[in-house]
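Below is protein-v3.txt, holding compact mmCIF, C-alpha atoms and all ligand atoms.
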```txt
# COMPACT_ATOMS: atom_id res chain seq x y z
CA MET A 1 -89.84 21.42 137.60
CA THR A 2 -89.86 24.64 135.51
CA PRO A 3 -88.44 24.42 131.94
CA LEU A 4 -85.65 26.74 133.03
CA GLN A 5 -84.68 24.43 135.93
CA ALA A 6 -84.20 21.59 133.43
CA LEU A 7 -81.95 23.81 131.27
CA LEU A 8 -79.94 24.97 134.28
CA LEU A 9 -79.43 21.37 135.48
CA GLN A 10 -78.01 20.51 132.02
CA ARG A 11 -75.74 23.55 132.14
CA ILE A 12 -74.47 22.67 135.63
CA ALA A 13 -73.87 19.03 134.56
CA ALA A 14 -71.75 20.31 131.64
CA ASP A 15 -69.92 23.28 133.22
CA GLY A 16 -70.13 22.90 137.02
CA PRO A 17 -71.84 25.17 139.57
CA LEU A 18 -73.24 28.49 138.35
CA GLY A 19 -72.34 31.84 139.91
CA LEU A 20 -75.36 33.44 141.60
CA ASP A 21 -75.09 36.31 139.09
CA ASP A 22 -75.49 33.85 136.19
CA TYR A 23 -78.37 32.12 138.00
CA MET A 24 -80.18 35.45 138.59
CA ALA A 25 -79.55 36.61 135.02
CA ALA A 26 -81.11 33.38 133.69
CA ALA A 27 -84.00 33.28 136.19
CA LEU A 28 -85.01 36.87 135.37
CA GLY A 29 -83.83 37.40 131.82
CA HIS A 30 -83.56 34.06 129.94
CA PRO A 31 -84.96 35.02 126.50
CA GLU A 32 -87.62 32.29 126.59
CA HIS A 33 -88.12 31.24 130.21
CA GLY A 34 -86.94 34.27 132.25
CA TYR A 35 -89.34 35.64 134.85
CA TYR A 36 -89.70 39.03 133.14
CA MET A 37 -89.89 37.67 129.61
CA SER A 38 -93.58 36.78 129.56
CA GLY A 39 -96.69 37.85 131.39
CA ASP A 40 -97.12 40.69 133.87
CA PRO A 41 -95.89 40.01 137.40
CA LEU A 42 -97.11 43.34 138.83
CA GLY A 43 -100.30 44.23 140.66
CA ARG A 44 -102.78 42.40 142.87
CA THR A 45 -103.17 39.55 140.42
CA GLY A 46 -99.41 39.23 139.90
CA ASP A 47 -96.62 38.48 142.36
CA PHE A 48 -95.97 41.91 143.92
CA VAL A 49 -97.19 45.51 143.99
CA THR A 50 -94.81 48.43 143.38
CA ALA A 51 -95.19 52.04 144.54
CA PRO A 52 -96.57 53.43 141.24
CA GLU A 53 -99.21 50.68 141.31
CA VAL A 54 -100.20 51.69 144.87
CA SER A 55 -101.13 55.26 143.91
CA GLN A 56 -100.93 57.83 141.12
CA MET A 57 -99.41 60.21 143.69
CA PHE A 58 -96.06 58.43 143.47
CA GLY A 59 -95.56 59.06 139.74
CA GLU A 60 -97.07 62.54 139.86
CA LEU A 61 -94.63 63.71 142.55
CA ILE A 62 -91.71 62.20 140.64
CA GLY A 63 -92.93 64.06 137.54
CA LEU A 64 -92.83 67.33 139.48
CA TRP A 65 -89.35 66.43 140.78
CA CYS A 66 -88.26 66.06 137.13
CA ALA A 67 -89.76 69.47 136.29
CA VAL A 68 -87.75 71.12 139.07
CA VAL A 69 -84.58 69.37 137.87
CA TRP A 70 -85.25 70.50 134.28
CA SER A 71 -85.60 74.08 135.54
CA SER A 72 -82.40 73.83 137.56
CA MET A 73 -80.60 72.55 134.44
CA GLY A 74 -81.46 75.90 132.79
CA ARG A 75 -84.55 74.60 130.95
CA PRO A 76 -82.64 72.92 128.08
CA ALA A 77 -84.51 72.95 124.74
CA ARG A 78 -84.15 69.15 124.49
CA VAL A 79 -83.94 66.64 127.33
CA ASN A 80 -84.14 62.85 127.37
CA LEU A 81 -86.40 61.59 130.14
CA VAL A 82 -85.35 57.97 130.72
CA GLU A 83 -87.07 55.32 132.80
CA LEU A 84 -85.16 52.13 133.63
CA GLY A 85 -87.29 49.00 134.11
CA PRO A 86 -90.65 50.76 133.70
CA GLY A 87 -92.97 47.83 134.56
CA ARG A 88 -96.46 48.63 133.28
CA GLY A 89 -95.56 52.24 132.38
CA THR A 90 -97.74 53.52 135.21
CA LEU A 91 -95.05 55.69 136.80
CA MET A 92 -94.21 57.35 133.47
CA ALA A 93 -97.88 57.95 132.60
CA ASP A 94 -98.52 59.59 136.00
CA ALA A 95 -95.24 61.54 135.88
CA LEU A 96 -95.97 62.92 132.39
CA ARG A 97 -99.47 64.02 133.43
CA ALA A 98 -97.92 66.21 136.16
CA LEU A 99 -94.74 67.18 134.32
CA THR A 100 -96.39 68.37 131.13
CA GLN A 101 -98.49 70.89 133.11
CA VAL A 102 -95.27 72.83 133.60
CA ASP A 103 -94.83 75.53 131.00
CA GLY A 104 -92.33 74.65 128.25
CA VAL A 105 -91.53 71.07 129.30
CA SER A 106 -93.59 69.19 126.71
CA ALA A 107 -91.74 70.76 123.78
CA ALA A 108 -88.39 69.74 125.30
CA LEU A 109 -89.11 66.11 126.17
CA ASP A 110 -88.13 62.87 124.51
CA VAL A 111 -89.13 59.89 126.66
CA HIS A 112 -86.96 56.75 126.58
CA MET A 113 -88.18 53.53 128.17
CA VAL A 114 -85.39 51.00 128.85
CA GLU A 115 -87.04 47.60 129.13
CA THR A 116 -85.95 44.02 128.42
CA SER A 117 -89.36 42.35 128.73
CA PRO A 118 -91.36 42.07 125.48
CA SER A 119 -94.67 41.62 127.32
CA LEU A 120 -94.14 44.62 129.62
CA THR A 121 -93.00 46.70 126.63
CA LEU A 122 -96.39 46.02 124.99
CA ARG A 123 -98.15 46.98 128.20
CA GLN A 124 -96.15 50.22 128.41
CA GLN A 125 -96.93 51.03 124.77
CA ARG A 126 -100.65 50.68 125.50
CA ASN A 127 -100.38 52.74 128.67
CA LEU A 128 -98.52 55.59 126.93
CA SER A 129 -100.36 55.48 123.60
CA LEU A 130 -102.14 58.78 124.22
CA VAL A 131 -99.28 60.88 125.59
CA ASP A 132 -98.36 63.95 123.64
CA VAL A 133 -94.55 63.61 123.64
CA PRO A 134 -92.30 61.27 121.61
CA VAL A 135 -91.68 57.93 123.37
CA HIS A 136 -88.94 55.46 122.35
CA TRP A 137 -88.13 51.97 123.62
CA HIS A 138 -84.67 50.42 124.09
CA GLN A 139 -83.33 47.25 125.64
CA LYS A 140 -80.23 48.95 127.03
CA PHE A 141 -79.49 52.31 128.62
CA SER A 142 -76.49 52.69 126.28
CA ALA A 143 -78.94 52.98 123.34
CA VAL A 144 -80.41 56.25 124.70
CA PRO A 145 -79.05 59.13 122.55
CA ASP A 146 -76.50 61.54 124.06
CA GLY A 147 -77.55 64.87 125.56
CA PRO A 148 -79.06 66.26 128.76
CA VAL A 149 -80.86 63.52 130.63
CA ILE A 150 -83.17 62.89 133.58
CA VAL A 151 -83.20 59.24 134.67
CA ILE A 152 -85.76 57.49 136.87
CA GLY A 153 -85.53 53.92 138.17
CA ASN A 154 -87.98 52.44 140.65
CA GLU A 155 -87.24 48.87 141.72
CA PHE A 156 -84.79 48.51 138.84
CA LEU A 157 -81.47 48.13 140.67
CA ASP A 158 -82.75 45.33 142.90
CA ALA A 159 -83.28 43.09 139.86
CA LEU A 160 -79.67 43.27 138.67
CA PRO A 161 -77.56 40.16 139.34
CA ILE A 162 -75.32 39.90 142.42
CA ARG A 163 -72.72 37.42 143.66
CA GLN A 164 -72.39 36.18 147.23
CA MET A 165 -69.23 35.28 149.15
CA VAL A 166 -69.38 33.31 152.39
CA LYS A 167 -66.70 33.29 155.07
CA THR A 168 -65.77 29.69 155.97
CA PRO A 169 -63.30 28.42 158.57
CA ALA A 170 -60.89 27.83 155.66
CA GLY A 171 -61.28 31.31 154.13
CA TRP A 172 -63.62 32.84 151.56
CA ALA A 173 -65.85 30.77 149.27
CA GLU A 174 -68.25 31.84 146.54
CA ARG A 175 -71.84 30.70 147.05
CA LYS A 176 -72.84 29.08 143.78
CA VAL A 177 -75.76 27.05 142.47
CA GLY A 178 -75.07 23.34 142.00
CA ALA A 179 -77.21 20.25 141.46
CA ASP A 180 -78.11 17.29 143.62
CA GLY A 181 -80.35 14.55 142.22
CA GLY A 182 -82.32 16.89 139.95
CA ARG A 183 -82.60 19.64 142.56
CA LEU A 184 -80.77 22.96 142.58
CA VAL A 185 -78.69 23.37 145.75
CA TRP A 186 -76.22 25.87 147.19
CA VAL A 187 -72.53 24.93 147.00
CA ASP A 188 -69.70 26.93 148.53
CA VAL A 189 -66.75 26.96 146.14
CA PRO A 190 -63.43 28.05 147.70
CA SER A 191 -62.29 31.33 146.15
CA MET A 192 -59.16 33.44 146.05
CA ALA A 193 -61.31 36.58 145.80
CA VAL A 194 -61.60 38.64 148.99
CA PRO A 195 -64.62 40.97 149.34
CA ALA A 196 -64.17 44.58 150.43
CA MET A 197 -65.88 43.88 153.78
CA ASP A 198 -64.74 41.38 156.41
CA ALA A 199 -67.25 39.05 158.10
CA GLN A 200 -67.52 36.33 160.73
CA VAL A 201 -67.48 32.64 159.76
CA GLY A 202 -70.86 31.72 158.26
CA GLN A 203 -71.72 35.29 157.22
CA ILE A 204 -72.36 36.37 153.64
CA VAL A 205 -71.06 39.42 151.79
CA GLU A 206 -72.87 40.44 148.62
CA ILE A 207 -71.06 41.85 145.61
CA ALA A 208 -73.18 43.85 143.17
CA LEU A 209 -70.83 44.51 140.27
CA ALA A 210 -73.62 44.79 137.65
CA ARG A 211 -75.60 47.21 139.82
CA ASP A 212 -72.65 49.46 140.59
CA ALA A 213 -71.66 49.38 136.90
CA ALA A 214 -75.20 50.48 135.96
CA VAL A 215 -75.03 53.38 138.44
CA GLY A 216 -71.57 54.26 137.09
CA ASP A 217 -72.94 54.33 133.51
CA ILE A 218 -75.80 56.61 134.55
CA ALA A 219 -73.39 58.91 136.41
CA THR A 220 -71.04 59.07 133.40
CA ARG A 221 -73.98 60.19 131.22
CA LEU A 222 -74.89 62.89 133.73
CA VAL A 223 -71.34 64.19 133.81
CA GLN A 224 -71.12 64.23 130.00
CA GLY A 225 -74.54 65.59 129.09
CA GLY A 226 -75.85 67.20 132.29
CA GLY A 227 -78.88 66.20 134.31
CA ALA A 228 -79.93 64.08 137.28
CA ALA A 229 -81.08 60.58 138.21
CA LEU A 230 -83.51 59.35 140.85
CA LEU A 231 -83.04 55.74 141.97
CA ILE A 232 -85.62 54.25 144.35
CA ASP A 233 -85.40 50.78 145.80
CA TYR A 234 -85.48 48.76 148.95
CA GLY A 235 -82.10 48.54 150.54
CA HIS A 236 -79.72 49.83 153.17
CA ALA A 237 -77.99 53.19 153.48
CA LEU A 238 -74.72 51.74 154.76
CA SER A 239 -72.82 48.73 153.44
CA ALA A 240 -73.35 45.69 155.68
CA VAL A 241 -72.77 41.95 155.69
CA GLY A 242 -75.78 39.66 155.28
CA ASP A 243 -77.86 37.64 152.82
CA THR A 244 -80.58 39.85 151.31
CA LEU A 245 -81.46 37.68 148.30
CA GLN A 246 -85.16 36.87 148.14
CA ALA A 247 -87.68 35.25 145.83
CA VAL A 248 -91.33 36.30 145.74
CA LYS A 249 -94.25 34.52 144.08
CA ASP A 250 -97.98 35.19 144.55
CA HIS A 251 -97.20 37.93 147.12
CA LYS A 252 -95.34 35.41 149.33
CA TYR A 253 -91.67 34.63 149.94
CA HIS A 254 -90.50 31.63 147.92
CA ASP A 255 -87.40 29.45 148.00
CA VAL A 256 -84.71 31.10 145.84
CA LEU A 257 -83.68 27.86 144.12
CA THR A 258 -87.20 26.50 143.52
CA ASP A 259 -89.10 27.33 140.30
CA PRO A 260 -86.44 29.52 138.59
CA GLY A 261 -88.17 31.69 136.00
CA ALA A 262 -91.51 31.50 137.82
CA ALA A 263 -90.66 33.68 140.86
CA ASP A 264 -89.19 37.18 141.15
CA LEU A 265 -85.63 37.36 142.49
CA THR A 266 -84.22 40.50 144.07
CA SER A 267 -81.64 41.65 146.58
CA HIS A 268 -81.43 44.75 148.73
CA VAL A 269 -79.54 47.66 147.20
CA ASP A 270 -76.38 48.71 149.00
CA PHE A 271 -76.88 52.45 148.50
CA ALA A 272 -73.48 53.35 149.97
CA SER A 273 -71.83 51.24 147.28
CA ALA A 274 -74.10 52.70 144.55
CA ALA A 275 -73.25 56.25 145.73
CA ARG A 276 -69.53 55.42 145.62
CA ALA A 277 -69.94 54.19 142.02
CA ALA A 278 -71.65 57.48 141.10
CA ARG A 279 -68.92 59.57 142.73
CA ALA A 280 -66.17 57.50 141.10
CA ALA A 281 -67.65 58.54 137.72
CA GLY A 282 -67.43 62.22 138.72
CA ALA A 283 -71.10 62.81 139.61
CA VAL A 284 -72.58 64.03 142.90
CA ALA A 285 -74.61 61.60 145.05
CA HIS A 286 -77.37 62.87 147.38
CA GLY A 287 -78.89 60.69 150.09
CA PRO A 288 -80.13 58.06 150.26
CA VAL A 289 -83.18 59.35 152.11
CA ASN A 290 -86.15 57.27 153.21
CA GLN A 291 -88.96 57.10 150.64
CA GLY A 292 -91.43 58.38 153.28
CA ASP A 293 -89.33 61.51 153.99
CA PHE A 294 -88.76 62.08 150.27
CA LEU A 295 -92.45 61.92 149.38
CA LYS A 296 -93.43 64.10 152.33
CA ALA A 297 -90.85 66.71 151.29
CA LEU A 298 -92.39 66.70 147.80
CA GLY A 299 -95.86 67.33 149.27
CA ILE A 300 -97.63 63.95 149.25
CA GLU A 301 -99.82 64.92 152.22
CA ALA A 302 -101.17 68.03 150.44
CA ARG A 303 -101.66 66.05 147.21
CA ALA A 304 -103.61 63.35 149.08
CA LYS A 305 -105.90 65.99 150.57
CA VAL A 306 -106.62 67.40 147.10
CA LEU A 307 -107.32 63.93 145.69
CA ALA A 308 -109.60 63.03 148.61
CA ARG A 309 -111.62 66.27 148.37
CA GLY A 310 -115.19 65.72 147.19
CA LYS A 311 -114.82 61.92 147.25
CA THR A 312 -117.03 59.45 149.13
CA PRO A 313 -115.67 58.50 152.59
CA ARG A 314 -114.67 55.12 151.15
CA GLU A 315 -112.74 56.65 148.21
CA ALA A 316 -111.10 59.25 150.47
CA GLY A 317 -110.08 56.43 152.82
CA GLU A 318 -108.45 54.63 149.90
CA VAL A 319 -106.40 57.70 148.97
CA LEU A 320 -105.19 58.11 152.57
CA GLY A 321 -104.55 54.37 152.87
CA ALA A 322 -102.40 54.44 149.73
CA MET A 323 -100.45 57.42 151.06
CA LYS A 324 -99.84 55.60 154.34
CA ARG A 325 -98.63 52.56 152.46
CA LEU A 326 -96.11 54.68 150.53
CA ILE A 327 -94.78 56.69 153.50
CA GLY A 328 -95.60 54.62 156.62
CA PRO A 329 -92.48 53.54 158.55
CA GLN A 330 -93.86 49.99 158.92
CA GLU A 331 -94.74 49.84 155.21
CA MET A 332 -92.72 51.25 152.29
CA GLY A 333 -91.64 54.50 153.93
CA THR A 334 -88.43 53.35 155.59
CA LEU A 335 -87.46 50.13 153.82
CA PHE A 336 -87.45 51.93 150.48
CA LYS A 337 -84.76 54.52 149.96
CA VAL A 338 -84.14 57.21 147.37
CA LEU A 339 -80.74 58.16 145.94
CA ALA A 340 -80.29 61.15 143.65
CA VAL A 341 -77.27 61.50 141.40
CA THR A 342 -76.59 64.83 139.71
CA ALA A 343 -74.09 66.34 137.30
CA PRO A 344 -71.57 68.55 139.14
CA GLY A 345 -72.83 72.11 139.51
CA LEU A 346 -76.55 71.32 139.81
CA PRO A 347 -78.23 72.46 143.05
CA VAL A 348 -79.21 69.90 145.70
CA PRO A 349 -82.40 68.34 144.28
CA ALA A 350 -85.85 68.61 145.86
CA GLY A 351 -86.39 66.07 148.64
CA PHE A 352 -82.69 65.97 149.61
CA GLY A 353 -82.62 69.23 151.51
CA GLY A 354 -82.73 71.31 148.29
C1 LIG A 401 -89.83 45.16 139.84
S1 LIG A 401 -90.24 45.66 138.23
C2 LIG A 401 -90.44 47.40 138.52
C3 LIG A 401 -91.37 48.03 137.55
C4 LIG A 401 -91.64 49.51 137.69
N1 LIG A 401 -90.46 50.31 137.78
C5 LIG A 401 -92.54 49.80 138.86
O1 LIG A 401 -92.09 50.43 139.80
O2 LIG A 401 -93.71 49.38 138.82
C6 LIG A 401 -88.67 45.56 137.37
C7 LIG A 401 -88.70 46.09 135.96
O3 LIG A 401 -87.37 46.07 135.43
C8 LIG A 401 -87.36 45.39 134.18
N2 LIG A 401 -86.02 44.83 134.04
C9 LIG A 401 -85.47 43.81 134.71
N3 LIG A 401 -84.18 43.66 134.35
C10 LIG A 401 -83.91 44.63 133.43
C11 LIG A 401 -82.75 45.03 132.69
N4 LIG A 401 -81.60 44.37 132.83
N5 LIG A 401 -82.84 46.09 131.86
C12 LIG A 401 -84.02 46.76 131.72
N6 LIG A 401 -85.14 46.43 132.40
C13 LIG A 401 -85.09 45.38 133.23
C14 LIG A 401 -88.50 44.41 134.31
O4 LIG A 401 -88.94 43.89 133.09
C15 LIG A 401 -89.55 45.30 134.99
O5 LIG A 401 -90.14 46.19 134.06
```
Write out the structure in this file as structure tokens.
Amino acid sequence: MTPLQALLLQRIAADGPLGLDDYMAAALGHPEHGYYMSGDPLGRTGDFVTAPEVSQMFGELIGLWCAVVWSSMGRPARVNLVELGPGRGTLMADALRALTQVDGVSAALDVHMVETSPSLTLRQQRNLSLVDVPVHWHQKFSAVPDGPVIVIGNEFLDALPIRQMVKTPAGWAERKVGADGGRLVWVDVPSMAVPAMDAQVGQIVEIALARDAAVGDIATRLVQGGGAALLIDYGHALSAVGDTLQAVKDHKYHDVLTDPGAADLTSHVDFASAARAARAAGAVAHGPVNQGDFLKALGIEARAKVLARGKTPREAGEVLGAMKRLIGPQEMGTLFKVLAVTAPGLPVPAGFGG
């Protein structure tokens, strides 16, 4: 039993079943025992590999996307470049290498890393120690100073807590986490709440209030200060019923209620709902488009050729293999989607038909 499981069992004994959102918040963010609070879950030796860890091309192309956005904003003299949930800092390091080649950008940039994990913050600080622009760290997006902003989030939204409702023969129930003889178990607690989508008996509807609120906060910033956001995650383009919650440990699926704090917990992003939250705040939503199409539109195939040039056949094969992993329809190319949110008046961003 993980230390967090023991704490959660005590909490359930005192207060009754926990909402899934509270369970996820504790499993990922408990100050002492949360999954992201210690260690480094990314990479081959961790639990999962993210796109920036697959290849430098991912961050470089996003850096160039940011440069085009900055230009389309009228090249403001100061701009806050924000990354939400930056992991090891790899994406930002690669993005800055490409972005700062563009004339005039370096002098305008302030980088803001929004990260709750102390251990990953240290890792990011090491990774960005040599960059030539000011870098600041915050635990919340609201701490980023006002002004024009470009926001990036890769695999950030999927970590935000969700709730689940299940349709039962007697009506809707909320799927909560209860206890049975020292084990964590699912319990369906009858609820007066009715989700926006109907379902058949036995089906689950997910409610992502925290995620949509985060997108709404980003969109509000864009409307107030100008700029654009790029949100990349695995998910679906249209709202749909179904259970998408998953736990991953050691690169394998894991039971969601076993080992809380020791396995990653995520759910698929409902991009239609996220886009609605952005529009409700007055911003413009573009996409989502498939990650493969987005990266191809930004020129990943040409970049891979340049990187492979002059390399040994083995090294060149690795570059092409990484590209295939990022854009291949059976790999990350279709499952991962990209949503852009812009302030009104900005042109359609690169990769979205612009
Ligand atoms: C799946 S990792 C993605 C890391 C990175 N973006 C990448 O692509 O490699 C999720 C990241 O979000 C951070 N995180 C999780 N919940 C957060 C929150 N509420 N606020 C800020 N960061 C959070 C984690 O510590 C981690 O850095």
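With the cut-off set to 7 Å and only C-alpha atoms and all ligand atoms counted, the residues surrounding ligand LIG 401 (chain A) are A:Leu28, A:Gly29, A:Tyr36, A:Leu42, A:Thr50, A:Ala51, A:Pro52, A:Glu53, A:Leu84, A:Gly85, A:Pro86, A:Gly87, A:Arg88, A:Thr90, A:Leu91, A:Val114, A:Glu115, A:Thr116, A:Ser117, A:Leu120, A:Gln139, A:Lys140, A:Gly153, A:Asn154, A:Glu155, A:Phe156, A:Ala159, A:Leu160.
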Rank A:Gly19, A:Pro41, A:Gly59, A:Gly299 by their smallest atom-to-atom distance to Gln164 of chain A, using all atoms listed in the file, and report the top residue only.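 Counting all atoms listed in the file, the residue closest to Gln164 of chain A is A:Gly19.
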Can you check which parts of segment 168-273 of chain A lie within 12 Å of segment 340-345 of chain A? Per residue, the shortest pair of atoms and distance in Å to one decimal, counting only C-alpha atoms, sorted by chain and number, as a Markdown table.
```
| residue | atom | partner | partner_atom | distance |
| --- | --- | --- | --- | --- |
| A:Val215 | CA | A:Val341 | CA | 8.9 |
| A:Gly216 | CA | A:Val341 | CA | 10.2 |
| A:Asp217 | CA | A:Val341 | CA | 11.5 |
| A:Ile218 | CA | A:Val341 | CA | 8.5 |
| A:Ala219 | CA | A:Val341 | CA | 6.8 |
| A:Thr220 | CA | A:Ala343 | CA | 8.8 |
| A:Arg221 | CA | A:Ala343 | CA | 8.6 |
| A:Leu222 | CA | A:Ala343 | CA | 5.0 |
| A:Val223 | CA | A:Ala343 | CA | 4.9 |
| A:Gln224 | CA | A:Ala343 | CA | 8.2 |
| A:Gly225 | CA | A:Ala343 | CA | 8.3 |
| A:Gly226 | CA | A:Ala343 | CA | 5.4 |
| A:Gly227 | CA | A:Ala343 | CA | 5.6 |
| A:Ala228 | CA | A:Thr342 | CA | 4.2 |
| A:Ala229 | CA | A:Val341 | CA | 5.1 |
| A:Leu230 | CA | A:Ala340 | CA | 4.6 |
| A:Leu231 | CA | A:Ala340 | CA | 6.3 |
| A:Ile232 | CA | A:Ala340 | CA | 8.7 |
| A:Asp233 | CA | A:Ala340 | CA | 11.8 |
| A:Phe271 | CA | A:Ala340 | CA | 10.5 |
```
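When all atoms listed in the file are used to compute distances to Met113 of chain A, the closest of the residues A:Ala93, A:Val177, A:Leu81, A:Leu130 turns out to be A:Leu81.
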In Å, with one decimal, what is the gap from atom CA of Arg175 of chain A to atom CA of Phe48 of chain A? 26.8 Å
Rank A:Ile204, A:Leu4, A:Leu307, A:Val256 by their smallest atom-to-atom distance to His30 of chain A, using all atoms listed in the file, and report the top residue only.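 Using all atoms listed in the file, the shortest distance to His30 of chain A belongs to A:Leu4.
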Hey, can you check how far atom CA of Gly181 of chain A sits from atom CA of Gly34 of chain A?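 That distance, rounded to one decimal, is 23.1 Å.
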